[in-house]
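Structure record follows, encoded as structure tokens.
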Amino acid sequence: MSAQATLDRDPLVVEDLSLSFGGIQVLQHIALHLKAGEITGLIGPNGAGKTSFFNCLTGLYSPQHGSIRLGSQRLEGVPPTGRAALGFSRSFQHVALCPELTMAENVMIGLDRQSSAGWLDAFLPLPGGRAERSRNRERALAALDRLGVLHVADDYPAQLPPGVLRLAEIARAIAGDPRVLLLDEPAAGLNSIETGDLSSALKRLRAPGLVLVVVEHDMDLIMDVCDTIHVLNVGRLLASGSPGQVRSNPDVVRVYLGDEDA
Amino acid sequence: MSSVIMSSNRLAADAKPAAVAAAPRRLMAGAGVAGVVVLALLPLVAGGYWTYTLGLCFANAIAIISVSFLVRYGGEVSIGHGVFVAAGAYTVALMEKYLGVSLLASLPLAAVSGAFLGLLFAYPSRYLSGIYLAVATMALALALPEVLLHFSSVSGGYEGLYVKLDALPGIAKETQRYYLPLAGLVAVALLLRHFRRSRQAMALLLIRASPHAAESFGVRRSWARLSCMALSGAIAAIAGALLSFSSSTVSPNSFTLWTSIFLLVGSVVSLYSMSILGSLLGGLFLTLMPLLLAGAGDWVPILYGTALLAVVLGVNALPAKLRARLHGGNP
Amino acid sequence: MDDFIGLIWAGVVSGCLYAMGAIGIVLIYKSSNVVNFAHGNLAGLAAFLVFGFTAGLFANLAWGAAVVLTLAVMVAVMAVSYFLIAPLVFKSDLTSTIATLGVGLIAQGATQLLFGSNVVSLDLPLPAWRGQIGPIRITAYDLAVLGATAVAIGLLYLLIERTRIGIAFRAVSANPYASRVCGLNLRRVHLFSWITAGVLGLIASLLIVPTTFLSSTSVSSFMLQAFAAAVVGGFNSLPGAVLGGILIGAIMNLLSFYVSAEFNNTYLLLTILLVLNVFPKGVLAIRGGARV
């Protein structure tokens, strides 16, 4: 069991990652060690390469140089669907829920790759398929509950405000017990109350086997939630450390945070 | 935590509770059951002409469902589905010709042939979408008569083949040719209703709405396209099998490009419905119009075209929720 | 080898016809994102009108007068067609495309009503000239096709590059929303492209008809080639439509001769699938990106 536990604590290690698009250097020599069991923040001005970095992690982009490893598993050439199988999960900048599914059904998609119901189960009410479906529904409801939005389980996305949709999208991302969870600007478009709900929800997501990385612009959220923060600027790593260290780093203040308000 | 409850209480006042939204759905289901009962009892009062026509109508409704299925789950429009219908029809006719078996044995094989043909077409076209895919389906529909006529020793050429065997011994011919298509329509509608609850359906709907999100959860685009086309082809082939049984013949005339276009018209008229009532509406439109206008053949295209425009423009004037249905939205 | 060159030549000539049809389709698609499935039926109706005006059905005009009169009628017809689907154009591309099927059906029905199921011949008033350059046999018809195509494309190019409505067309096809914000009248641009497409369709059908008989379905059945040409060249590209037309014309001719003449539509299907697998959005497609 302890061997399993060690495996579950695999960090996500990025070594000397470089990415360019047609002459534009988007990421240069990024080296990061993203630990499991804590919440890591990734901040930086617009255009610093944060979303591109996420896309490299999930396999949407292929970096020209460098490597990404989950524990001892190298990820070069593994497509997004393959990385999903390895336990990668992410949310998107623009809400990516299906408007034709209820919230619970949307979250159940997070469990799809772990499900085994076949085509026969899809068309006929066979006991095996029905049992799996109700198990998945239970897990989906549990995930929604963890994010504090259990009450909207049977509503449709069109009826709900963006804050709730964002929490549900995160529920979808954690429903399948992922090993790596990447959240891309989860607070975008949320008001301060919704951002507060998001903060509390994120803190509850900390888990020993989970690498949780959050890209955000909302500094209050980042400082409140994260254990470690990395700062990107123009494709390079500018600074890393605890929230206190980053906040007081003069380079970071100059480039991104600006003069501090008390 | 309390802030969540506060913000959600504000919403609860505006958002429709799930129970209210379910009521119209239950109403529709009840209407569907009543409709099926009426149709089941109809032959007791209606004459042979009507049972024959309605038998064709049920089969057409299934064909329309296959087109609607591709629109709703695959987000794609096909003007070539007549080819898959033909696959089913010719399978039944050929199995009768060479193996002497009736519809009961050949129907499952017809469905398989439709699925197989769907996969065969879907694979080289799996990255095509929108107008590119539609033109490919148009080419598919126009290529079919050429293939059928080339292999005329097998397919019967222009004249086609006959389907004469009864499926159920001891029951009158007309009765069988009414109830089997009806049973087929009910079965397909029920199977699809169950399908909507499945994880495959949810994956298909998500990948339609947001391909990147679906891929990050392990759903592949090529899988989605192949599955949609295979299922759609299978449903169309079932329709074809029942059509050939009901009309007792198959020939290339029944499967032209216009046939496929009319299937799409029927699908639009039924608002892409996959329910019994909705698809029946489309099926009735398709089957009855030419019969009602039998004397005024030249007016058929004009009336179809006008009806299509009327439906499309008329629905456009409806409230947003129904309009979303017309544009391929919420099932 | 002589056969080969002769086939290519004939293919280029018929390819010009497909290109003309394709340009009409692409024009409408670029400006309003609607695929006009009625193009073939409307062009066929136009050809029949010319026939009607010259052969005594409606009038006994000289060829030139008949064409001009038909042009006027077609402008009206295209305008009406556009206005029929206008409410849908801004709402949904799919629905407006399906609506064009309705327009096409009506056009087909109108043709059948006016002219019955007659099969007639409609020849161009061309001298019966023939020439030969090496292995290639040239007729007056070939030159007429090439000439008409070149003139039409040249005029269209001038129209789009040099006139105000042309610039507006380019703006709308690049970014309709921004164009609207800048005050461009989208409806006018749409109308321009629909009417121009109708004119091109008329010219194309008048050039096609001499090669076969004119029946209520002959023009629309050639439309698959036009669509294939548009798709192969890149649906968003006017030069692509021309290139696609010539490619399709040449390939079809070669396959028809060397393999079998029975399978024209099957060749089209295979060509479409092959080309689109290598060039996903057509040969001259404008490549776009996507934001995740």
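By order in the structure tokens, chains are A, B, ...; within a chain, residues start at 1; ligands start at 1, following the order shown.
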Determine, using only C-alpha atoms, which residues of chain C have any atom at most 6 Å from an atom of chain B, and tabulate each with its shortest atom pair and distance in Å to one decimal place, rows ordered by chain and then rising number, as a tab-separated table.
```
residue	atom	partner	partner_atom	distance
C:Ala99	CA	B:Leu309	CA	5.7
C:Gly102	CA	B:Gly305	CA	3.9
C:Leu105	CA	B:Gly305	CA	4.8
C:Ile106	CA	B:Ile302	CA	4.2
C:Gly109	CA	B:Ile302	CA	4.8
C:Gln112	CA	B:Asp298	CA	5.9
C:Leu113	CA	B:Asp298	CA	5.8
C:Phe263	CA	B:Glu146	CA	5.9
C:Asn265	CA	B:Ala143	CA	4.8
C:Thr266	CA	B:Ala143	CA	4.6
C:Leu269	CA	B:Ala139	CA	5.0
```
Filtering to C-alpha atoms, could you give me those residues as an mmCIF file, in the first residue's frame?
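Writing done, so here's again_38.cif:
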```cif
data_model
loop_
_atom_site.group_PDB
_atom_site.id
_atom_site.type_symbol
_atom_site.label_atom_id
_atom_site.label_comp_id
_atom_site.auth_asym_id
_atom_site.auth_seq_id
_atom_site.Cartn_x
_atom_site.Cartn_y
_atom_site.Cartn_z
ATOM 1 C CA ALA C 99 -34.091 27.156 -46.601
ATOM 2 C CA GLY C 102 -36.787 25.079 -50.304
ATOM 3 C CA LEU C 105 -37.435 23.026 -54.916
ATOM 4 C CA ILE C 106 -39.674 25.946 -55.838
ATOM 5 C CA GLY C 109 -41.182 23.162 -59.699
ATOM 6 C CA GLN C 112 -41.409 21.999 -64.591
ATOM 7 C CA LEU C 113 -44.657 23.925 -64.577
ATOM 8 C CA PHE C 263 -18.947 6.273 -62.581
ATOM 9 C CA ASN C 265 -20.365 10.767 -59.512
ATOM 10 C CA THR C 266 -18.393 8.035 -57.817
ATOM 11 C CA LEU C 269 -17.027 11.349 -54.291
#
```
With a cut-off of 6 Å and counting only C-alpha atoms, select all residues of chain B in contact with chain A and give the selection as a PyMOL selection string.
-> chain B and resi 15+191+194-195+198+206+209-210+215-218+330
Store the residues of this selection in a file with C-alpha atoms, as a PDB file, in the first residue's frame.
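Generated file (out-v5.pdb):
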```
ATOM      1  CA  ALA B  15     -34.526  29.464 -12.273  1.00  0.00           C
ATOM      2  CA  LEU B 191     -34.197   2.594 -27.787  1.00  0.00           C
ATOM      3  CA  HIS B 194     -32.911   5.094 -23.353  1.00  0.00           C
ATOM      4  CA  PHE B 195     -29.789   6.001 -25.311  1.00  0.00           C
ATOM      5  CA  SER B 198     -26.252   6.766 -21.583  1.00  0.00           C
ATOM      6  CA  LEU B 206     -20.387  17.417 -25.035  1.00  0.00           C
ATOM      7  CA  ALA B 209     -20.638  21.696 -27.736  1.00  0.00           C
ATOM      8  CA  SER B 210     -16.996  21.870 -26.770  1.00  0.00           C
ATOM      9  CA  GLU B 215     -11.004  15.559 -25.556  1.00  0.00           C
ATOM     10  CA  SER B 216      -9.489  16.472 -22.236  1.00  0.00           C
ATOM     11  CA  PHE B 217     -11.857  13.931 -20.681  1.00  0.00           C
ATOM     12  CA  GLY B 218     -10.845  11.202 -23.070  1.00  0.00           C
ATOM     13  CA  ASN B 330     -31.617  20.859 -26.736  1.00  0.00           C
TER      14      ASN B 330
END
```
Closest to chain C among A:Asp184, A:His230, A:Val252, A:Ala207, using only C-alpha atoms?
->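 Result for the nearest residue to chain C: A:Asp184.
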For Gly282 (chain B): contacts at 9 Å, only C-alpha atoms, fewer than 2 positions along chain excluded, given as a ChimeraX atom specification | /B:57,60-61,64,263,265-271,273,277-280,284-287
Generate the output file for the selected residues, C-alpha atoms, as a PDB file, in the first residue's frame.
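New file selection-v4.pdb:
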```pdb
ATOM      1  CA  CYS B  57     -45.231   6.457 -43.385  1.00  0.00           C
ATOM      2  CA  ASN B  60     -40.241   6.969 -43.522  1.00  0.00           C
ATOM      3  CA  ALA B  61     -40.513   8.260 -39.979  1.00  0.00           C
ATOM      4  CA  ILE B  64     -36.263  10.763 -40.714  1.00  0.00           C
ATOM      5  CA  LEU B 263     -35.530  13.073 -45.747  1.00  0.00           C
ATOM      6  CA  VAL B 265     -36.897  18.216 -45.288  1.00  0.00           C
ATOM      7  CA  GLY B 266     -38.927  15.770 -43.217  1.00  0.00           C
ATOM      8  CA  SER B 267     -36.377  16.030 -40.448  1.00  0.00           C
ATOM      9  CA  VAL B 268     -36.594  19.830 -40.433  1.00  0.00           C
ATOM     10  CA  VAL B 269     -40.391  19.720 -40.487  1.00  0.00           C
ATOM     11  CA  SER B 270     -40.319  17.447 -37.445  1.00  0.00           C
ATOM     12  CA  LEU B 271     -37.906  19.869 -35.753  1.00  0.00           C
ATOM     13  CA  SER B 273     -37.443  15.153 -33.280  1.00  0.00           C
ATOM     14  CA  LEU B 277     -45.071  11.872 -32.639  1.00  0.00           C
ATOM     15  CA  GLY B 278     -42.504  14.272 -34.020  1.00  0.00           C
ATOM     16  CA  SER B 279     -41.031  11.878 -36.529  1.00  0.00           C
ATOM     17  CA  LEU B 280     -44.517  10.759 -37.548  1.00  0.00           C
ATOM     18  CA  LEU B 284     -46.738  11.985 -42.822  1.00  0.00           C
ATOM     19  CA  PHE B 285     -45.496  15.093 -44.575  1.00  0.00           C
ATOM     20  CA  LEU B 286     -43.176  13.015 -46.742  1.00  0.00           C
ATOM     21  CA  THR B 287     -45.576  10.196 -47.528  1.00  0.00           C
TER      22      THR B 287
END
```
Contact set, chain A to chain C: 9 Å, only C-alpha atoms, as a list in words =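 Here they are: Thr51, Asn55, Phe92, Gln93 and His94 of chain A.
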Could the residues in this selection be written to a file with N, CA and C atoms, as a CSV table (one decimal), in the first residue's frame?
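Contents of out_15.csv, as written:
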```csv
chain,number,residue,atom,x,y,z
A,51,THR,N,-1.6,30.2,-20.3
A,51,THR,CA,-2.5,29.3,-20.9
A,51,THR,C,-1.8,28.4,-21.9
A,55,ASN,N,-1.7,24.4,-21.9
A,55,ASN,CA,-1.9,23.6,-23.1
A,55,ASN,C,-0.8,22.6,-23.4
A,92,PHE,N,-11.5,25.2,-18.3
A,92,PHE,CA,-11.1,26.1,-19.4
A,92,PHE,C,-11.4,27.5,-19.0
A,93,GLN,N,-10.8,28.4,-19.8
A,93,GLN,CA,-11.0,29.9,-19.5
A,93,GLN,C,-12.5,30.2,-19.8
A,94,HIS,N,-13.0,29.6,-20.9
A,94,HIS,CA,-14.4,29.9,-21.3
A,94,HIS,C,-15.2,28.6,-20.9
```
Please run DSSP on the backbone and report, as a VMD selection string, all residues within region 40-93 of chain A that come out as strand (DSSP E).
-> chain A and resid 40 to 43 65 to 70 73 to 74 88 to 90
Could you name the residues that touch Met20 (chain C) at 9 Å or less, counting only C-alpha atoms, but leaving out those on the same chain fewer than 5 positions away, as a PyMOL selection string?
-> chain C and resi 15+25+149+152-153+200-201+203-204+226+241-242+245
Identify, on the basis of only C-alpha atoms, every residue whose closest approach to Asn253 (chain B) does not exceed 9 Å; exclude the query and any residue fewer than 3 positions from it along the same chain; express the result as a list in words.
->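 What passes the distance filter is Pro145, Tyr158, Glu159, Gly160, Val250, Thr256 and Thr259 of chain B.
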Would you mind exporting C-alpha atoms of the selected residues as a PDB file, in the first residue's frame?
```pdb
ATOM      1  CA  PRO B 145     -27.395   4.831 -58.686  1.00  0.00           C
ATOM      2  CA  TYR B 158     -33.498  -0.156 -63.174  1.00  0.00           C
ATOM      3  CA  GLU B 159     -36.316  -2.534 -62.375  1.00  0.00           C
ATOM      4  CA  GLY B 160     -34.977  -3.491 -59.024  1.00  0.00           C
ATOM      5  CA  VAL B 250     -36.782  -1.887 -54.190  1.00  0.00           C
ATOM      6  CA  THR B 256     -32.204   9.384 -55.566  1.00  0.00           C
ATOM      7  CA  THR B 259     -35.034  11.182 -51.676  1.00  0.00           C
TER       8      THR B 259
END
```
Which value, in Å to one decimal, gives the distance between CA of Pro63 (chain A) and CA of Ser20 (chain A)?
-> 7.4 Å
Would you please work out which residue, of A:Leu17, A:Gly22, A:Val225, A:Asn249, is nearest to Leu57 (chain A) when using only C-alpha atoms?
->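 Using only C-alpha atoms, the shortest distance to Leu57 (chain A) belongs to A:Leu17.
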For the atom pair CA of Gln176 (chain B) and CA of Leu288 (chain B), what is the interatomic distance in Å to one decimal place?
->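 Spanning CA of Gln176 (chain B) to CA of Leu288 (chain B) is a straight-line distance of 20.5 Å.
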Near-Leu237 (chain A) list (12 Å; only C-alpha atoms; drop same-chain fewer than 3 positions) as a PyMOL selection string | chain A and resi 14-18+26-32+42-44+48-50+53+229-234+240-241+251-252
DSSP-assigned helix (DSSP H, G or I) among region 65-152 of chain A, expressed as number ranges by chain = A: 80-86, 103-114, 119-123, 127-146, 150-152
Please provide the set of residues having any atom within 12 Å of Lys173 (chain B), restricted to only C-alpha atoms, with same-chain residues fewer than 6 positions apart removed, written as a ChimeraX atom specification.
-> /B:48,51-52,55,164-167,179-180,245-248
Generate the output file for the selected residues, N, CA and C atoms, as a PDB file, in the first residue's frame.
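The result, stored in again33.pdb:
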```pdb
ATOM      1  N   GLY B  48     -57.731  -0.647 -46.647  1.00  0.00           N
ATOM      2  CA  GLY B  48     -56.419  -1.135 -47.065  1.00  0.00           C
ATOM      3  C   GLY B  48     -55.513  -0.040 -47.575  1.00  0.00           C
ATOM      4  N   THR B  51     -53.934   1.604 -44.521  1.00  0.00           N
ATOM      5  CA  THR B  51     -52.928   0.826 -43.808  1.00  0.00           C
ATOM      6  C   THR B  51     -51.653   0.727 -44.636  1.00  0.00           C
ATOM      7  N   TYR B  52     -51.812   0.627 -45.951  1.00  0.00           N
ATOM      8  CA  TYR B  52     -50.617   0.587 -46.795  1.00  0.00           C
ATOM      9  C   TYR B  52     -49.832   1.880 -46.699  1.00  0.00           C
ATOM     10  N   GLY B  55     -48.212   2.343 -43.330  1.00  0.00           N
ATOM     11  CA  GLY B  55     -47.045   1.474 -43.184  1.00  0.00           C
ATOM     12  C   GLY B  55     -45.802   2.133 -43.757  1.00  0.00           C
ATOM     13  N   LYS B 164     -41.257 -10.302 -51.470  1.00  0.00           N
ATOM     14  CA  LYS B 164     -42.606 -10.874 -51.402  1.00  0.00           C
ATOM     15  C   LYS B 164     -42.860 -11.705 -50.171  1.00  0.00           C
ATOM     16  N   LEU B 165     -41.786 -12.153 -49.502  1.00  0.00           N
ATOM     17  CA  LEU B 165     -41.997 -13.089 -48.398  1.00  0.00           C
ATOM     18  C   LEU B 165     -42.664 -12.413 -47.210  1.00  0.00           C
ATOM     19  N   ASP B 166     -43.606 -13.115 -46.611  1.00  0.00           N
ATOM     20  CA  ASP B 166     -44.206 -12.640 -45.378  1.00  0.00           C
ATOM     21  C   ASP B 166     -43.272 -12.937 -44.221  1.00  0.00           C
ATOM     22  N   ALA B 167     -43.281 -12.055 -43.247  1.00  0.00           N
ATOM     23  CA  ALA B 167     -42.387 -12.245 -42.112  1.00  0.00           C
ATOM     24  C   ALA B 167     -43.015 -13.144 -41.051  1.00  0.00           C
ATOM     25  N   TYR B 179     -48.209  -3.426 -39.152  1.00  0.00           N
ATOM     26  CA  TYR B 179     -47.773  -3.510 -37.760  1.00  0.00           C
ATOM     27  C   TYR B 179     -46.269  -3.629 -37.589  1.00  0.00           C
ATOM     28  N   LEU B 180     -45.597  -4.295 -38.535  1.00  0.00           N
ATOM     29  CA  LEU B 180     -44.147  -4.414 -38.365  1.00  0.00           C
ATOM     30  C   LEU B 180     -43.457  -3.056 -38.435  1.00  0.00           C
ATOM     31  N   PHE B 245     -40.106  -3.925 -47.232  1.00  0.00           N
ATOM     32  CA  PHE B 245     -41.117  -4.900 -46.837  1.00  0.00           C
ATOM     33  C   PHE B 245     -42.509  -4.347 -47.082  1.00  0.00           C
ATOM     34  N   SER B 246     -42.707  -3.094 -46.703  1.00  0.00           N
ATOM     35  CA  SER B 246     -44.034  -2.488 -46.843  1.00  0.00           C
ATOM     36  C   SER B 246     -44.426  -2.248 -48.279  1.00  0.00           C
ATOM     37  N   SER B 247     -43.451  -1.861 -49.089  1.00  0.00           N
ATOM     38  CA  SER B 247     -43.825  -1.530 -50.463  1.00  0.00           C
ATOM     39  C   SER B 247     -43.572  -2.678 -51.417  1.00  0.00           C
ATOM     40  N   SER B 248     -42.967  -3.727 -50.902  1.00  0.00           N
ATOM     41  CA  SER B 248     -42.724  -4.945 -51.661  1.00  0.00           C
ATOM     42  C   SER B 248     -41.763  -4.811 -52.822  1.00  0.00           C
TER      43      SER B 248
END
```
Choose the residue, out of C:Gln132, C:Asn36, C:Ser121, C:Gln108, that has the smallest atom-to-atom separation from Thr54 (chain C); count only C-alpha atoms.
->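 Among C:Gln132, C:Asn36, C:Ser121, C:Gln108, it is C:Ser121 that comes nearest to Thr54 (chain C).
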